[in-house]
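Notes for the one structure printed next.
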Amino acid sequence: MMPACQNRAFALGKAAMSATLVPLGVDTPLPATSPCQACGACCETDASWPRFSLEHEDDLALIPLALVKADGSGMACEGHRCKALSGKVGEMTACTIYGLRPDVCRACLPGDDACNIARTKHGMVAL
Ligand code: SF4
Ligand code: SF4
């Protein structure tokens with residue numbers, strides 16, 4: 001399964017909720033009505049998902065090493081949960097590297113197949 005989230009702008013919206021949530025890059029914020037604001041399911045569904053693909057080396061170099069897999073292939077995870085995810089899935093979440101998130105994270109839209117697989121896994125209704 002390859003859940004993804006293009007609309008991870010919820011990270012910006014939640015950046016102020018904790019001093020540790022400081023997006024490293026700039027991106028277009030989501031509307032406050034986005035379901036991603038209180039979801040984050042696709043960030044905690046499959047450790048193989050937040051992998052790197054065509055990202056620029058300079059951007060990847062800005063991601064804290066502690067959040068990157070030892071082999072450099074993608075984001076490090078704890079279980080199924082990406083280490084860059086902050087907050088509680090289904091309540092309030094944030095991507096702490098929002099502006100630098102991998103392409104795969106940007107590729108998904110709320111309500112697409114991957115999104116709904118992830119949401120269902122976490123007991124949330126499909127969109
Ligand atoms: S699972 Fe869907 S709604 Fe939830 S964060 Fe990912 S794309 Fe957004
Ligand atoms: S990098 Fe950010 S958007 Fe991508 S899976 Fe991790 S927390 Fe989610």
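Ordering of the structure tokens sets the chain letters (A, B, ...), residue numbers begin anew at 1 in every chain, and ligands are numbered from 1 in the order given.
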
Produce as a CSV table (one decimal) with C-alpha atoms, in the first residue's frame the set of residues near ligand 1, where near means within 6 Å with only C-alpha atoms and all ligand atoms considered.
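So pocket_21.csv came out as:
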chain,number,residue,atom,x,y,z
A,4,ALA,CA,0.4,9.6,0.2
A,5,CYS,CA,-0.6,13.1,1.0
A,35,PRO,CA,-9.5,16.9,6.3
A,36,CYS,CA,-5.8,16.5,6.6
A,39,CYS,CA,-5.9,13.2,10.1
A,40,GLY,CA,-2.4,12.2,9.3
A,41,ALA,CA,-3.3,8.6,8.7
A,42,CYS,CA,-1.2,8.2,5.6
A,108,CYS,CA,-1.9,12.1,-2.7
A,109,LEU,CA,-5.1,13.9,-2.5
A,110,PRO,CA,-7.7,13.6,0.3
A,115,CYS,CA,-5.9,8.3,1.4
A,118,ALA,CA,-5.0,4.8,5.3
A,119,ARG,CA,-8.0,6.5,6.9

Dump the neighbourhood of ligand 2 as a PyMOL selection string: all residues within 9 Å, distances computed on only C-alpha atoms and all ligand atoms. chain A and resi 3-9+11+40-47+49-51+67+74-77+81-86+93-106

May I have the residues from that selection written out with C-alpha atoms, as a PDB file, in the first residue's frame?
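Saved the output as result21.pdb:
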ATOM      1  CA  PRO A   3      -0.690   6.102   0.931  1.00  0.00           C
ATOM      2  CA  ALA A   4       0.355   9.603   0.213  1.00  0.00           C
ATOM      3  CA  CYS A   5      -0.595  13.116   0.956  1.00  0.00           C
ATOM      4  CA  GLN A   6      -0.154  16.017  -1.310  1.00  0.00           C
ATOM      5  CA  ASN A   7      -2.034  18.249   1.016  1.00  0.00           C
ATOM      6  CA  ARG A   8       0.291  18.170   3.909  1.00  0.00           C
ATOM      7  CA  ALA A   9      -0.083  21.872   4.400  1.00  0.00           C
ATOM      8  CA  ALA A  11       1.791  21.062   8.968  1.00  0.00           C
ATOM      9  CA  GLY A  40      -2.357  12.233   9.272  1.00  0.00           C
ATOM     10  CA  ALA A  41      -3.318   8.627   8.652  1.00  0.00           C
ATOM     11  CA  CYS A  42      -1.166   8.238   5.561  1.00  0.00           C
ATOM     12  CA  CYS A  43       1.908   9.226   7.576  1.00  0.00           C
ATOM     13  CA  GLU A  44       1.366   6.311   9.920  1.00  0.00           C
ATOM     14  CA  THR A  45       0.376   3.477   7.673  1.00  0.00           C
ATOM     15  CA  ASP A  46       3.339   2.016   5.847  1.00  0.00           C
ATOM     16  CA  ALA A  47       7.021   2.476   6.660  1.00  0.00           C
ATOM     17  CA  TRP A  49       5.888   4.685   1.779  1.00  0.00           C
ATOM     18  CA  PRO A  50       7.691   7.968   2.572  1.00  0.00           C
ATOM     19  CA  ARG A  51      10.562   7.125   0.304  1.00  0.00           C
ATOM     20  CA  LEU A  67      14.498  11.607  10.364  1.00  0.00           C
ATOM     21  CA  GLY A  74      13.461   7.702   2.564  1.00  0.00           C
ATOM     22  CA  MET A  75      12.040   8.933   5.803  1.00  0.00           C
ATOM     23  CA  ALA A  76      12.801   6.974   8.929  1.00  0.00           C
ATOM     24  CA  CYS A  77       9.851   5.399  10.675  1.00  0.00           C
ATOM     25  CA  ARG A  81       4.845   5.945  11.658  1.00  0.00           C
ATOM     26  CA  CYS A  82       7.048   8.433   9.880  1.00  0.00           C
ATOM     27  CA  LYS A  83       9.392  10.080  12.337  1.00  0.00           C
ATOM     28  CA  ALA A  84       8.578  13.482  10.920  1.00  0.00           C
ATOM     29  CA  LEU A  85       4.961  13.173  11.991  1.00  0.00           C
ATOM     30  CA  SER A  86       3.927  15.010  15.100  1.00  0.00           C
ATOM     31  CA  THR A  93      -1.117  16.051  13.269  1.00  0.00           C
ATOM     32  CA  ALA A  94       1.706  17.892  11.595  1.00  0.00           C
ATOM     33  CA  CYS A  95       4.573  17.125   9.286  1.00  0.00           C
ATOM     34  CA  THR A  96       7.583  18.700  10.917  1.00  0.00           C
ATOM     35  CA  ILE A  97       9.425  18.879   7.604  1.00  0.00           C
ATOM     36  CA  TYR A  98       6.418  19.986   5.637  1.00  0.00           C
ATOM     37  CA  GLY A  99       8.240  22.126   3.084  1.00  0.00           C
ATOM     38  CA  LEU A 100      10.747  19.374   2.451  1.00  0.00           C
ATOM     39  CA  ARG A 101       8.430  16.375   2.507  1.00  0.00           C
ATOM     40  CA  PRO A 102       9.090  13.743  -0.152  1.00  0.00           C
ATOM     41  CA  ASP A 103       7.331  13.879  -3.487  1.00  0.00           C
ATOM     42  CA  VAL A 104       5.266  10.849  -2.585  1.00  0.00           C
ATOM     43  CA  CYS A 105       3.804  12.789   0.305  1.00  0.00           C
ATOM     44  CA  ARG A 106       2.743  15.538  -2.066  1.00  0.00           C
TER      45      ARG A 106
END

query = Separation of atom CA of Gln37 of chain A and atom CA of Met92 of chain A, in Å?
reply =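 Straight-line distance from atom CA of Gln37 of chain A to atom CA of Met92 of chain A works out to 6.3 Å.
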
- request: Find the residues near Ala38 of chain A: any atom within 10 Å, counting only C-alpha atoms, skip ones fewer than 4 places away on the same chain, and give them as a PyMOL selection string.
  value: chain A and resi 10+14+33-34+87-94

What does the file look like for those residues with C-alpha atoms, as a PDB file, in the first residue's frame?
ATOM      1  CA  PHE A  10      -1.737  21.021   7.665  1.00  0.00           C
ATOM      2  CA  LYS A  14      -0.202  23.250  13.167  1.00  0.00           C
ATOM      3  CA  THR A  33     -11.357  22.968   6.245  1.00  0.00           C
ATOM      4  CA  SER A  34      -8.948  20.367   4.886  1.00  0.00           C
ATOM      5  CA  GLY A  87       0.655  14.797  16.904  1.00  0.00           C
ATOM      6  CA  LYS A  88      -1.988  12.111  17.141  1.00  0.00           C
ATOM      7  CA  VAL A  89      -3.478  10.552  14.055  1.00  0.00           C
ATOM      8  CA  GLY A  90      -7.165  11.260  13.806  1.00  0.00           C
ATOM      9  CA  GLU A  91      -6.975  14.233  16.112  1.00  0.00           C
ATOM     10  CA  MET A  92      -4.267  16.740  15.220  1.00  0.00           C
ATOM     11  CA  THR A  93      -1.117  16.051  13.269  1.00  0.00           C
ATOM     12  CA  ALA A  94       1.706  17.892  11.595  1.00  0.00           C
TER      13      ALA A  94
END

#### Entry: Every residue of segment 25-99 of chain A that DSSP places in strand (DSSP E), as an MDAnalysis selection string
chainID A and resid 77:78 81:82 85:88 92:95

From segment 21-90 of chain A, collect each residue whose DSSP state is alpha helix (DSSP H) and return the set as a CSV table (one decimal) with N, CA and C atoms, in the first residue's frame.
chain,number,residue,atom,x,y,z
A,57,GLU,N,18.7,16.9,-4.4
A,57,GLU,CA,19.7,16.6,-3.3
A,57,GLU,C,19.8,17.7,-2.3
A,58,ASP,N,19.8,18.9,-2.8
A,58,ASP,CA,19.9,20.0,-1.8
A,58,ASP,C,18.8,20.0,-0.8
A,59,ASP,N,17.6,19.7,-1.3
A,59,ASP,CA,16.4,19.6,-0.4
A,59,ASP,C,16.6,18.5,0.6
A,60,LEU,N,17.0,17.3,0.1
A,60,LEU,CA,17.1,16.2,1.0
A,60,LEU,C,18.2,16.4,2.1

### Message
Report, in Å with one decimal, the straight-line distance from atom CA of Ile63 of chain A to atom CA of Gly111 of chain A.
### Response
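Atom CA of Ile63 of chain A sits 27.9 Å away from atom CA of Gly111 of chain A.
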